[in-house]
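**Student:** Sharing work27.pdb, PDB, C-alpha atoms, pLDDT in the B column:
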ATOM      1  CA  GLY A  26       1.307  -5.862  23.150  1.00 76.00           C
ATOM      2  CA  VAL A  27       3.549  -2.822  22.784  1.00 79.00           C
ATOM      3  CA  ALA A  28       1.747  -1.852  19.583  1.00 78.00           C
ATOM      4  CA  HIS A  29      -1.630  -1.904  21.354  1.00 76.00           C
ATOM      5  CA  GLU A  30      -0.223   0.121  24.252  1.00 84.00           C
ATOM      6  CA  ILE A  31       0.949   2.770  21.772  1.00 85.00           C
ATOM      7  CA  ARG A  32      -2.366   2.804  19.937  1.00 82.00           C
ATOM      8  CA  ASN A  33      -4.509   3.675  22.958  1.00 85.00           C
ATOM      9  CA  PRO A  34      -2.789   6.982  23.874  1.00 89.00           C
ATOM     10  CA  LEU A  35      -2.615   7.894  20.185  1.00 90.00           C
ATOM     11  CA  GLY A  36      -6.410   7.748  20.067  1.00 88.00           C
ATOM     12  CA  SER A  37      -6.629  10.008  23.124  1.00 90.00           C
ATOM     13  CA  LEU A  38      -4.114  12.467  21.659  1.00 91.00           C
ATOM     14  CA  LYS A  39      -6.045  12.741  18.413  1.00 92.00           C
ATOM     15  CA  GLY A  40      -9.353  13.197  20.236  1.00 91.00           C
ATOM     16  CA  PHE A  41      -8.067  16.063  22.403  1.00 92.00           C
ATOM     17  CA  LEU A  42      -6.309  17.719  19.455  1.00 91.00           C
ATOM     18  CA  GLN A  43      -9.563  17.697  17.497  1.00 91.00           C
ATOM     19  CA  TYR A  44     -11.390  19.034  20.574  1.00 91.00           C
ATOM     20  CA  PHE A  45      -9.025  22.011  20.916  1.00 89.00           C
ATOM     21  CA  GLN A  46      -9.083  22.552  17.153  1.00 87.00           C
ATOM     22  CA  HIS A  47     -12.821  23.207  17.251  1.00 87.00           C
ATOM     23  CA  LYS A  48     -13.158  24.652  20.762  1.00 87.00           C
ATOM     24  CA  LEU A  49     -10.454  27.316  20.921  1.00 87.00           C
ATOM     25  CA  PRO A  50     -10.431  30.619  18.994  1.00 88.00           C
ATOM     26  CA  LEU A  51      -7.182  30.022  17.127  1.00 85.00           C
ATOM     27  CA  GLU A  52      -5.275  32.063  14.609  1.00 87.00           C
ATOM     28  CA  ALA A  53      -4.760  30.584  11.159  1.00 87.00           C
ATOM     29  CA  GLN A  54      -1.163  29.542  11.877  1.00 88.00           C
ATOM     30  CA  ASP A  55      -2.156  27.769  15.097  1.00 87.00           C
ATOM     31  CA  LYS A  56      -4.926  25.892  13.262  1.00 84.00           C
ATOM     32  CA  THR A  57      -2.333  24.769  10.722  1.00 87.00           C
ATOM     33  CA  TYR A  58      -0.059  23.488  13.492  1.00 88.00           C
ATOM     34  CA  LEU A  59      -2.922  21.526  15.039  1.00 87.00           C
ATOM     35  CA  SER A  60      -3.792  20.018  11.652  1.00 89.00           C
ATOM     36  CA  VAL A  61      -0.190  18.920  11.196  1.00 88.00           C
ATOM     37  CA  MET A  62      -0.178  17.352  14.674  1.00 89.00           C
ATOM     38  CA  ILE A  63      -3.349  15.382  13.864  1.00 91.00           C
ATOM     39  CA  GLN A  64      -1.825  14.201  10.578  1.00 88.00           C
ATOM     40  CA  GLU A  65       1.302  13.050  12.411  1.00 88.00           C
ATOM     41  CA  VAL A  66      -0.810  11.127  14.946  1.00 91.00           C
ATOM     42  CA  ASP A  67      -2.568   9.437  12.002  1.00 88.00           C
ATOM     43  CA  ARG A  68       0.816   8.588  10.486  1.00 82.00           C
ATOM     44  CA  LEU A  69       2.006   7.024  13.741  1.00 87.00           C
ATOM     45  CA  ASN A  70      -1.221   5.051  13.955  1.00 86.00           C
ATOM     46  CA  ALA A  71      -0.702   3.779  10.400  1.00 80.00           C
ATOM     47  CA  VAL A  72       2.812   2.575  11.298  1.00 80.00           C
ATOM     48  CA  VAL A  73       1.470   0.737  14.355  1.00 83.00           C
ATOM     49  CA  SER A  74      -1.374  -0.780  12.296  1.00 80.00           C
ATOM     50  CA  ASN A  75       1.110  -2.027   9.709  1.00 75.00           C
ATOM     51  CA  LEU A  76       3.259  -3.503  12.456  1.00 78.00           C
ATOM     52  CA  LEU A  77       0.267  -5.354  13.906  1.00 78.00           C
ATOM     53  CA  GLU A  78      -0.715  -6.615  10.454  1.00 75.00           C
ATOM     54  CA  PHE A  79       2.774  -7.989   9.905  1.00 74.00           C
ATOM     55  CA  ALA A  80       3.296  -9.414  13.398  1.00 74.00           C
ATOM     56  CA  ARG A  81      -0.089 -11.133  13.723  1.00 74.00           C
ATOM     57  CA  PRO A  82      -1.345 -11.940  10.223  1.00 72.00           C
ATOM     58  CA  LYS A  83      -4.838 -13.358   9.812  1.00 80.00           C
ATOM     59  CA  GLU A  84      -5.527 -16.482   7.839  1.00 85.00           C
ATOM     60  CA  PRO A  85      -7.249 -15.578   4.547  1.00 89.00           C
ATOM     61  CA  THR A  86     -11.036 -15.867   4.430  1.00 92.00           C
ATOM     62  CA  LEU A  87     -11.456 -17.153   0.899  1.00 94.00           C
ATOM     63  CA  GLU A  88     -14.324 -16.294  -1.425  1.00 96.00           C
ATOM     64  CA  ALA A  89     -14.803 -16.144  -5.183  1.00 97.00           C
ATOM     65  CA  CYS A  90     -13.301 -12.831  -6.334  1.00 96.00           C
ATOM     66  CA  ASP A  91     -12.869 -11.028  -9.634  1.00 96.00           C
ATOM     67  CA  VAL A  92      -9.286  -9.722  -9.819  1.00 97.00           C
ATOM     68  CA  PRO A  93     -10.072  -6.884 -12.301  1.00 97.00           C
ATOM     69  CA  GLU A  94     -12.790  -5.648  -9.933  1.00 96.00           C
ATOM     70  CA  ILE A  95     -10.278  -5.535  -7.053  1.00 96.00           C
ATOM     71  CA  LEU A  96      -7.764  -3.701  -9.263  1.00 97.00           C
ATOM     72  CA  ARG A  97     -10.371  -1.125 -10.297  1.00 96.00           C
ATOM     73  CA  HIS A  98     -11.278  -0.582  -6.633  1.00 94.00           C
ATOM     74  CA  VAL A  99      -7.625  -0.106  -5.623  1.00 95.00           C
ATOM     75  CA  LEU A 100      -7.012   2.361  -8.453  1.00 95.00           C
ATOM     76  CA  THR A 101     -10.087   4.335  -7.386  1.00 93.00           C
ATOM     77  CA  LEU A 102      -8.739   4.512  -3.823  1.00 90.00           C
ATOM     78  CA  LEU A 103      -5.411   5.828  -5.131  1.00 92.00           C
ATOM     79  CA  ALA A 104      -6.772   8.267  -7.724  1.00 91.00           C
ATOM     80  CA  GLN A 105      -5.952  11.318  -5.593  1.00 89.00           C
ATOM     81  CA  ASP A 106      -2.393  10.103  -4.923  1.00 90.00           C
ATOM     82  CA  VAL A 107      -1.842   9.618  -8.652  1.00 92.00           C
ATOM     83  CA  ALA A 108      -3.295  13.052  -9.436  1.00 90.00           C
ATOM     84  CA  ALA A 109      -1.079  14.688  -6.791  1.00 89.00           C
ATOM     85  CA  LYS A 110       1.960  13.245  -8.567  1.00 89.00           C
ATOM     86  CA  GLN A 111       0.571  14.342 -11.955  1.00 90.00           C
ATOM     87  CA  ALA A 112       1.209  10.779 -13.049  1.00 92.00           C
ATOM     88  CA  ARG A 113      -0.535   8.445 -15.480  1.00 94.00           C
ATOM     89  CA  VAL A 114      -1.920   4.980 -14.851  1.00 95.00           C
ATOM     90  CA  LEU A 115      -2.318   2.688 -17.838  1.00 96.00           C
ATOM     91  CA  ARG A 116      -4.832  -0.114 -17.314  1.00 96.00           C
ATOM     92  CA  ASP A 117      -4.097  -3.230 -19.301  1.00 95.00           C
ATOM     93  CA  PHE A 118      -6.558  -5.819 -18.037  1.00 96.00           C
ATOM     94  CA  PRO A 119      -9.937  -7.117 -19.201  1.00 95.00           C
ATOM     95  CA  ASP A 120     -13.239  -6.305 -17.534  1.00 94.00           C
ATOM     96  CA  GLU A 121     -13.473  -9.862 -16.227  1.00 92.00           C
ATOM     97  CA  LEU A 122     -11.192 -12.812 -15.571  1.00 94.00           C
ATOM     98  CA  PRO A 123     -11.944 -16.273 -14.142  1.00 94.00           C
ATOM     99  CA  LEU A 124     -12.959 -15.964 -10.495  1.00 95.00           C
ATOM    100  CA  MET A 125     -10.327 -16.878  -7.907  1.00 95.00           C
ATOM    101  CA  ARG A 126     -10.736 -17.852  -4.267  1.00 96.00           C
ATOM    102  CA  LEU A 127      -9.101 -14.968  -2.395  1.00 96.00           C
ATOM    103  CA  ASP A 128      -9.464 -12.920   0.745  1.00 95.00           C
ATOM    104  CA  ARG A 129     -10.799  -9.736  -0.852  1.00 94.00           C
ATOM    105  CA  ASP A 130      -9.643  -7.367   1.911  1.00 91.00           C
ATOM    106  CA  GLN A 131      -6.164  -8.869   2.198  1.00 93.00           C
ATOM    107  CA  MET A 132      -5.580  -8.911  -1.549  1.00 95.00           C
ATOM    108  CA  THR A 133      -6.817  -5.319  -1.774  1.00 94.00           C
ATOM    109  CA  GLN A 134      -4.248  -4.398   0.899  1.00 91.00           C
ATOM    110  CA  ALA A 135      -1.431  -6.220  -0.923  1.00 94.00           C
ATOM    111  CA  LEU A 136      -2.154  -4.547  -4.272  1.00 96.00           C
ATOM    112  CA  LEU A 137      -2.676  -1.193  -2.548  1.00 94.00           C
ATOM    113  CA  ASN A 138       0.791  -1.482  -0.982  1.00 93.00           C
ATOM    114  CA  LEU A 139       2.419  -2.407  -4.298  1.00 96.00           C
ATOM    115  CA  LEU A 140       0.785   0.512  -6.095  1.00 96.00           C
ATOM    116  CA  LEU A 141       1.560   2.961  -3.288  1.00 93.00           C
ATOM    117  CA  ASN A 142       5.193   1.909  -3.596  1.00 92.00           C
ATOM    118  CA  ALA A 143       5.079   2.625  -7.323  1.00 94.00           C
ATOM    119  CA  ILE A 144       3.422   6.020  -6.789  1.00 93.00           C
ATOM    120  CA  GLN A 145       6.009   7.017  -4.198  1.00 90.00           C
ATOM    121  CA  THR A 146       8.935   6.175  -6.459  1.00 91.00           C
ATOM    122  CA  ILE A 147       7.842   7.987  -9.636  1.00 91.00           C
ATOM    123  CA  ASP A 148       8.413  11.656 -10.420  1.00 88.00           C
ATOM    124  CA  ALA A 149       5.867  14.101 -11.810  1.00 86.00           C
ATOM    125  CA  ASP A 150       4.591  12.936 -15.201  1.00 84.00           C
ATOM    126  CA  GLY A 151       5.635   9.385 -14.337  1.00 91.00           C
ATOM    127  CA  GLU A 152       3.757   6.356 -15.549  1.00 95.00           C
ATOM    128  CA  ILE A 153       2.433   3.192 -13.924  1.00 96.00           C
ATOM    129  CA  ARG A 154       1.139   0.249 -15.933  1.00 97.00           C
ATOM    130  CA  VAL A 155      -1.195  -2.269 -14.301  1.00 97.00           C
ATOM    131  CA  SER A 156      -1.910  -5.452 -16.214  1.00 97.00           C
ATOM    132  CA  ALA A 157      -3.587  -8.777 -15.466  1.00 97.00           C
ATOM    133  CA  SER A 158      -4.124 -11.881 -17.555  1.00 96.00           C
ATOM    134  CA  VAL A 159      -4.617 -15.645 -17.378  1.00 95.00           C
ATOM    135  CA  SER A 160      -1.521 -17.768 -17.894  1.00 90.00           C
ATOM    136  CA  ALA A 161      -2.135 -20.184 -20.753  1.00 83.00           C
ATOM    137  CA  ASP A 162       0.251 -22.725 -19.213  1.00 84.00           C
ATOM    138  CA  SER A 163      -0.901 -22.906 -15.599  1.00 85.00           C
ATOM    139  CA  GLY A 164      -4.322 -21.234 -15.520  1.00 87.00           C
ATOM    140  CA  SER A 165      -3.017 -18.854 -12.872  1.00 94.00           C
ATOM    141  CA  ILE A 166      -3.755 -15.135 -12.942  1.00 96.00           C
ATOM    142  CA  ASP A 167      -0.704 -12.945 -13.424  1.00 97.00           C
ATOM    143  CA  ILE A 168      -0.726  -9.330 -12.223  1.00 98.00           C
ATOM    144  CA  THR A 169       2.050  -6.936 -13.254  1.00 97.00           C
ATOM    145  CA  ILE A 170       2.688  -3.470 -11.827  1.00 98.00           C
ATOM    146  CA  SER A 171       5.392  -1.496 -13.638  1.00 97.00           C
ATOM    147  CA  ASP A 172       6.596   2.026 -12.965  1.00 96.00           C
ATOM    148  CA  THR A 173       8.971   4.513 -14.542  1.00 94.00           C
ATOM    149  CA  GLY A 174      10.522   5.490 -11.228  1.00 91.00           C
ATOM    150  CA  ALA A 175      14.076   5.574  -9.970  1.00 88.00           C
ATOM    151  CA  GLY A 176      14.444   1.807  -9.908  1.00 92.00           C
ATOM    152  CA  ILE A 177      16.087  -0.396  -7.279  1.00 91.00           C
ATOM    153  CA  ALA A 178      19.822  -0.864  -6.816  1.00 89.00           C
ATOM    154  CA  PRO A 179      21.016  -4.445  -7.479  1.00 90.00           C
ATOM    155  CA  HIS A 180      22.263  -4.863  -3.897  1.00 88.00           C
ATOM    156  CA  ASP A 181      18.809  -3.878  -2.561  1.00 90.00           C
ATOM    157  CA  LEU A 182      16.712  -6.210  -4.726  1.00 89.00           C
ATOM    158  CA  SER A 183      17.075  -9.191  -2.388  1.00 88.00           C
ATOM    159  CA  ARG A 184      16.040  -7.098   0.647  1.00 90.00           C
ATOM    160  CA  ILE A 185      12.995  -5.120  -0.480  1.00 89.00           C
ATOM    161  CA  PHE A 186      10.519  -7.610   1.029  1.00 89.00           C
ATOM    162  CA  ASP A 187      12.332  -7.623   4.376  1.00 87.00           C
ATOM    163  CA  PRO A 188      10.396  -5.924   7.190  1.00 81.00           C
ATOM    164  CA  PHE A 189      11.661  -2.419   8.074  1.00 78.00           C
ATOM    165  CA  PHE A 190      13.908  -2.209   5.021  1.00 78.00           C
ATOM    166  CA  SER A 191      13.224   0.944   3.015  1.00 76.00           C
ATOM    167  CA  THR A 192      15.153   3.141   0.604  1.00 71.00           C
ATOM    168  CA  LYS A 193      12.582   5.948   0.893  1.00 68.00           C
ATOM    169  CA  LYS A 194      12.898   8.739   3.459  1.00 58.00           C
ATOM    170  CA  GLN A 195       9.249   8.457   4.461  1.00 59.00           C
ATOM    171  CA  GLY A 196       8.945   4.681   4.215  1.00 60.00           C
ATOM    172  CA  ASN A 197       8.576   2.429   7.251  1.00 63.00           C
ATOM    173  CA  GLY A 198       9.669  -0.696   5.411  1.00 71.00           C
ATOM    174  CA  LEU A 199       6.466  -2.661   6.043  1.00 84.00           C
ATOM    175  CA  GLY A 200       4.343  -2.062   2.921  1.00 88.00           C
ATOM    176  CA  LEU A 201       6.147  -4.510   0.632  1.00 92.00           C
ATOM    177  CA  ALA A 202       6.756  -6.969   3.479  1.00 90.00           C
ATOM    178  CA  ILE A 203       3.016  -7.101   4.188  1.00 90.00           C
ATOM    179  CA  ALA A 204       2.189  -7.495   0.473  1.00 93.00           C
ATOM    180  CA  HIS A 205       4.705 -10.347   0.240  1.00 94.00           C
ATOM    181  CA  ALA A 206       3.252 -12.087   3.320  1.00 91.00           C
ATOM    182  CA  ILE A 207      -0.348 -11.778   2.054  1.00 93.00           C
ATOM    183  CA  ILE A 208       0.512 -13.199  -1.354  1.00 95.00           C
ATOM    184  CA  GLU A 209       2.412 -16.091   0.231  1.00 93.00           C
ATOM    185  CA  ARG A 210      -0.583 -16.833   2.504  1.00 92.00           C
ATOM    186  CA  HIS A 211      -2.605 -17.176  -0.709  1.00 94.00           C
ATOM    187  CA  ARG A 212       0.013 -19.660  -2.005  1.00 94.00           C
ATOM    188  CA  GLY A 213       0.938 -17.139  -4.653  1.00 96.00           C
ATOM    189  CA  GLU A 214       4.297 -15.859  -5.829  1.00 96.00           C
ATOM    190  CA  ILE A 215       5.738 -12.354  -6.106  1.00 96.00           C
ATOM    191  CA  SER A 216       8.934 -11.264  -7.820  1.00 96.00           C
ATOM    192  CA  VAL A 217      10.555  -8.009  -8.885  1.00 96.00           C
ATOM    193  CA  GLU A 218      12.796  -6.868 -11.717  1.00 95.00           C
ATOM    194  CA  SER A 219      14.468  -3.479 -11.787  1.00 94.00           C
ATOM    195  CA  GLU A 220      17.301  -1.355 -13.053  1.00 87.00           C
ATOM    196  CA  LEU A 221      18.464   1.876 -11.493  1.00 88.00           C
ATOM    197  CA  GLY A 222      16.989   4.798 -13.389  1.00 86.00           C
ATOM    198  CA  ARG A 223      14.644   2.571 -15.393  1.00 89.00           C
ATOM    199  CA  GLY A 224      11.826   1.785 -12.995  1.00 94.00           C
ATOM    200  CA  ALA A 225      10.671  -1.497 -11.484  1.00 95.00           C
ATOM    201  CA  THR A 226       8.261  -4.283 -12.340  1.00 97.00           C
ATOM    202  CA  PHE A 227       6.479  -6.350  -9.696  1.00 97.00           C
ATOM    203  CA  ARG A 228       4.917  -9.616 -10.842  1.00 97.00           C
ATOM    204  CA  VAL A 229       2.271 -11.439  -8.802  1.00 97.00           C
ATOM    205  CA  ARG A 230       1.116 -14.941  -9.746  1.00 96.00           C
ATOM    206  CA  LEU A 231      -2.035 -16.239  -8.060  1.00 96.00           C
TER     207      LEU A 231
END
Represent the structure from my file as structure tokens, please.
**Tutor:**
Amino acid sequence: GVAHEIRNPLGSLKGFLQYFQHKLPLEAQDKTYLSVMIQEVDRLNAVVSNLLEFARPKEPTLEACDVPEILRHVLTLLAQDVAAKQARVLRDFPDELPLMRLDRDQMTQALLNLLLNAIQTIDADGEIRVSASVSADSGSIDITISDTGAGIAPHDLSRIFDPFFSTKKQGNGLGLAIAHAIIERHRGEISVESELGRGATFRVRL
């Protein structure tokens, strides 16, 4: 309820800011300030949206999905973020894998959050490897996202999927928690391995 109450005035704030941005004869610096204010409203709205997603998760609506297709879509969405970091993404998955019954939107969100986490942790010229394959033993599909970022301290590894826990200055601590919850709702598993200074590897088994 609180989240919805916050969301409504945020919408009004953004609308009036955009109105003044186009209506008033502003100097360049003032236009910049207004743009920053609008971006900050969007950031607040994203935090509230993530909170709602975590607090009131929807049951997955399952349909036959191609995991490589979802991965390609997510990487397309994040292409600008990767370019801004001057990073590299290595794709190590086939064009097609056996179809799985998934909620396409929810799984897209989970993988988006995992990759955003990887992008945020790497430096310029960093590298992210995304792989997917069928497990010969169980028939499950295994997705691995590895990065060459700063890594995770041993005492933080057990907490990274906790809501509101974040080691990043700009993080709200909900991205990985939401990814974890979505994967669990699909009866999947997620785990992480990491060493400080040597990056991290997230493994998802569906």
**Student:** Using 10 Å as the limit and counting only C-alpha atoms, can you tabulate each residue of stretch 108-189 of chain A that touches stretch 77-85 of chain A, with its shortest atom-to-atom distance in Å and the two atoms involved, as CSV?
**Tutor:**
residue,atom,partner,partner_atom,distance
A:Arg126,CA,A:Pro85,CA,9.7
A:Leu127,CA,A:Pro85,CA,7.2
A:Asp128,CA,A:Pro85,CA,5.1
A:Arg129,CA,A:Pro85,CA,8.7
A:Asp130,CA,A:Pro85,CA,8.9
A:Gln131,CA,A:Pro85,CA,7.2
A:Met132,CA,A:Pro85,CA,9.2
A:Pro188,CA,A:Phe79,CA,8.4
**Student:** Tell me which residues the PyMOL selection byres ((chain A and resi 54-66) around 8) grabs here, as a PDB file with C-alpha atoms, keeping the file's coordinate frame.
**Tutor:**
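Output saved as selection-v9.pdb:
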ATOM      1  CA  LEU A  35      -2.615   7.894  20.185  1.00 90.00           C
ATOM      2  CA  LEU A  38      -4.114  12.467  21.659  1.00 91.00           C
ATOM      3  CA  LYS A  39      -6.045  12.741  18.413  1.00 92.00           C
ATOM      4  CA  LEU A  42      -6.309  17.719  19.455  1.00 91.00           C
ATOM      5  CA  GLN A  43      -9.563  17.697  17.497  1.00 91.00           C
ATOM      6  CA  GLN A  46      -9.083  22.552  17.153  1.00 87.00           C
ATOM      7  CA  LEU A  51      -7.182  30.022  17.127  1.00 85.00           C
ATOM      8  CA  GLU A  52      -5.275  32.063  14.609  1.00 87.00           C
ATOM      9  CA  ALA A  53      -4.760  30.584  11.159  1.00 87.00           C
ATOM     10  CA  ASP A  67      -2.568   9.437  12.002  1.00 88.00           C
ATOM     11  CA  ARG A  68       0.816   8.588  10.486  1.00 82.00           C
ATOM     12  CA  LEU A  69       2.006   7.024  13.741  1.00 87.00           C
ATOM     13  CA  ASN A  70      -1.221   5.051  13.955  1.00 86.00           C
TER      14      ASN A  70
END
**Student:** Of the residues A:Val114, A:Ile168, A:Ala143, A:Ala108, which is the one nearest to A:Ile95, using all atoms listed in the file?
**Tutor:**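 Under the stated criterion, the closest residue is A:Ile168.
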**Student:** On this file, the PyMOL selection byres ((chain A and resi 226) around 7) gives some set of residues; write that set as a short mmCIF file (atom, residue, chain, number, x, y, z; two decimals) with C-alpha atoms, in the frame of the given file.
**Tutor:**
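Once written, part_14.cif looks like this:
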data_model
loop_
_atom_site.label_atom_id
_atom_site.label_comp_id
_atom_site.auth_asym_id
_atom_site.auth_seq_id
_atom_site.Cartn_x
_atom_site.Cartn_y
_atom_site.Cartn_z
CA THR A 169 2.05 -6.94 -13.25
CA ILE A 170 2.69 -3.47 -11.83
CA SER A 171 5.39 -1.50 -13.64
CA ASP A 172 6.60 2.03 -12.96
CA VAL A 217 10.56 -8.01 -8.88
CA GLU A 218 12.80 -6.87 -11.72
CA SER A 219 14.47 -3.48 -11.79
CA ALA A 225 10.67 -1.50 -11.48
CA PHE A 227 6.48 -6.35 -9.70
CA ARG A 228 4.92 -9.62 -10.84
#
**Student:** Between atom CA of A:Ala109 and atom CA of A:Leu137, what distance in Å does the model show, to one decimal?
**Tutor:**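 If I compute the distance from atom CA of A:Ala109 to atom CA of A:Leu137, I get 16.5 Å.
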**Student:** My list of candidates is A:Ala135, A:Leu100, A:Val92, A:Ile153. Which is closest to A:Ile203 when distances are computed with only C-alpha atoms?
**Tutor:** A:Ala135
**Student:** Report the distance between atom CA of A:Gln134 and atom CA of A:Ala161 in Å, rounded to one decimal place.
**Tutor:**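 Taking atom CA of A:Gln134 and atom CA of A:Ala161, their separation equals 26.9 Å.
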**Student:** Atom CA of A:Val72 to atom CA of A:Arg223: how many Å, to one decimal?
**Tutor:**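 Separation of atom CA of A:Val72 and atom CA of A:Arg223: 29.2 Å.
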**Student:** Quick one: residues within 10 Å of A:Gln111, only C-alpha atoms counted, chain neighbours fewer than 5 positions away excluded, as an MDAnalysis selection string?
**Tutor:** chainID A and resid 105:106 147:152
**Student:** Choose the residue, out of A:Thr146, A:Ser191, A:Ser156, A:Thr101, that has the smallest atom-to-atom separation from A:Arg116; count only C-alpha atoms.
**Tutor:** A:Ser156
**Student:** Export N, CA and C atoms of stretch 127-141 of chain A from the structure just given, as a PDB file, in the first residue's frame?
**Tutor:**
ATOM      1  N   LEU A 127       8.129 -21.938 -19.191  1.00  0.00           N
ATOM      2  CA  LEU A 127       8.562 -20.824 -18.352  1.00  0.00           C
ATOM      3  C   LEU A 127       7.587 -19.671 -18.499  1.00  0.00           C
ATOM      4  N   ASP A 128       7.652 -18.748 -17.552  1.00  0.00           N
ATOM      5  CA  ASP A 128       7.000 -17.455 -17.723  1.00  0.00           C
ATOM      6  C   ASP A 128       8.022 -16.553 -18.416  1.00  0.00           C
ATOM      7  N   ARG A 129       7.780 -16.240 -19.678  1.00  0.00           N
ATOM      8  CA  ARG A 129       8.772 -15.528 -20.483  1.00  0.00           C
ATOM      9  C   ARG A 129       9.165 -14.189 -19.854  1.00  0.00           C
ATOM     10  N   ASP A 130       8.165 -13.413 -19.416  1.00  0.00           N
ATOM     11  CA  ASP A 130       8.457 -12.087 -18.858  1.00  0.00           C
ATOM     12  C   ASP A 130       9.244 -12.189 -17.550  1.00  0.00           C
ATOM     13  N   GLN A 131       8.840 -13.112 -16.682  1.00  0.00           N
ATOM     14  CA  GLN A 131       9.530 -13.255 -15.404  1.00  0.00           C
ATOM     15  C   GLN A 131      10.964 -13.739 -15.589  1.00  0.00           C
ATOM     16  N   MET A 132      11.154 -14.711 -16.488  1.00  0.00           N
ATOM     17  CA  MET A 132      12.510 -15.214 -16.697  1.00  0.00           C
ATOM     18  C   MET A 132      13.383 -14.157 -17.359  1.00  0.00           C
ATOM     19  N   THR A 133      12.794 -13.357 -18.251  1.00  0.00           N
ATOM     20  CA  THR A 133      13.531 -12.234 -18.833  1.00  0.00           C
ATOM     21  C   THR A 133      13.990 -11.293 -17.730  1.00  0.00           C
ATOM     22  N   GLN A 134      13.097 -10.989 -16.779  1.00  0.00           N
ATOM     23  CA  GLN A 134      13.440 -10.094 -15.671  1.00  0.00           C
ATOM     24  C   GLN A 134      14.557 -10.678 -14.817  1.00  0.00           C
ATOM     25  N   ALA A 135      14.481 -11.971 -14.523  1.00  0.00           N
ATOM     26  CA  ALA A 135      15.514 -12.612 -13.689  1.00  0.00           C
ATOM     27  C   ALA A 135      16.882 -12.542 -14.362  1.00  0.00           C
ATOM     28  N   LEU A 136      16.948 -12.903 -15.641  1.00  0.00           N
ATOM     29  CA  LEU A 136      18.224 -12.885 -16.357  1.00  0.00           C
ATOM     30  C   LEU A 136      18.725 -11.462 -16.563  1.00  0.00           C
ATOM     31  N   LEU A 137      17.793 -10.536 -16.779  1.00  0.00           N
ATOM     32  CA  LEU A 137      18.147  -9.118 -16.899  1.00  0.00           C
ATOM     33  C   LEU A 137      18.820  -8.634 -15.614  1.00  0.00           C
ATOM     34  N   ASN A 138      18.248  -9.003 -14.464  1.00  0.00           N
ATOM     35  CA  ASN A 138      18.822  -8.588 -13.182  1.00  0.00           C
ATOM     36  C   ASN A 138      20.211  -9.183 -12.964  1.00  0.00           C
ATOM     37  N   LEU A 139      20.386 -10.450 -13.321  1.00  0.00           N
ATOM     38  CA  LEU A 139      21.691 -11.093 -13.153  1.00  0.00           C
ATOM     39  C   LEU A 139      22.741 -10.434 -14.040  1.00  0.00           C
ATOM     40  N   LEU A 140      22.363 -10.121 -15.274  1.00  0.00           N
ATOM     41  CA  LEU A 140      23.326  -9.493 -16.185  1.00  0.00           C
ATOM     42  C   LEU A 140      23.597  -8.043 -15.814  1.00  0.00           C
ATOM     43  N   LEU A 141      22.576  -7.327 -15.351  1.00  0.00           N
ATOM     44  CA  LEU A 141      22.803  -5.959 -14.878  1.00  0.00           C
ATOM     45  C   LEU A 141      23.780  -5.950 -13.710  1.00  0.00           C
TER      46      LEU A 141
END
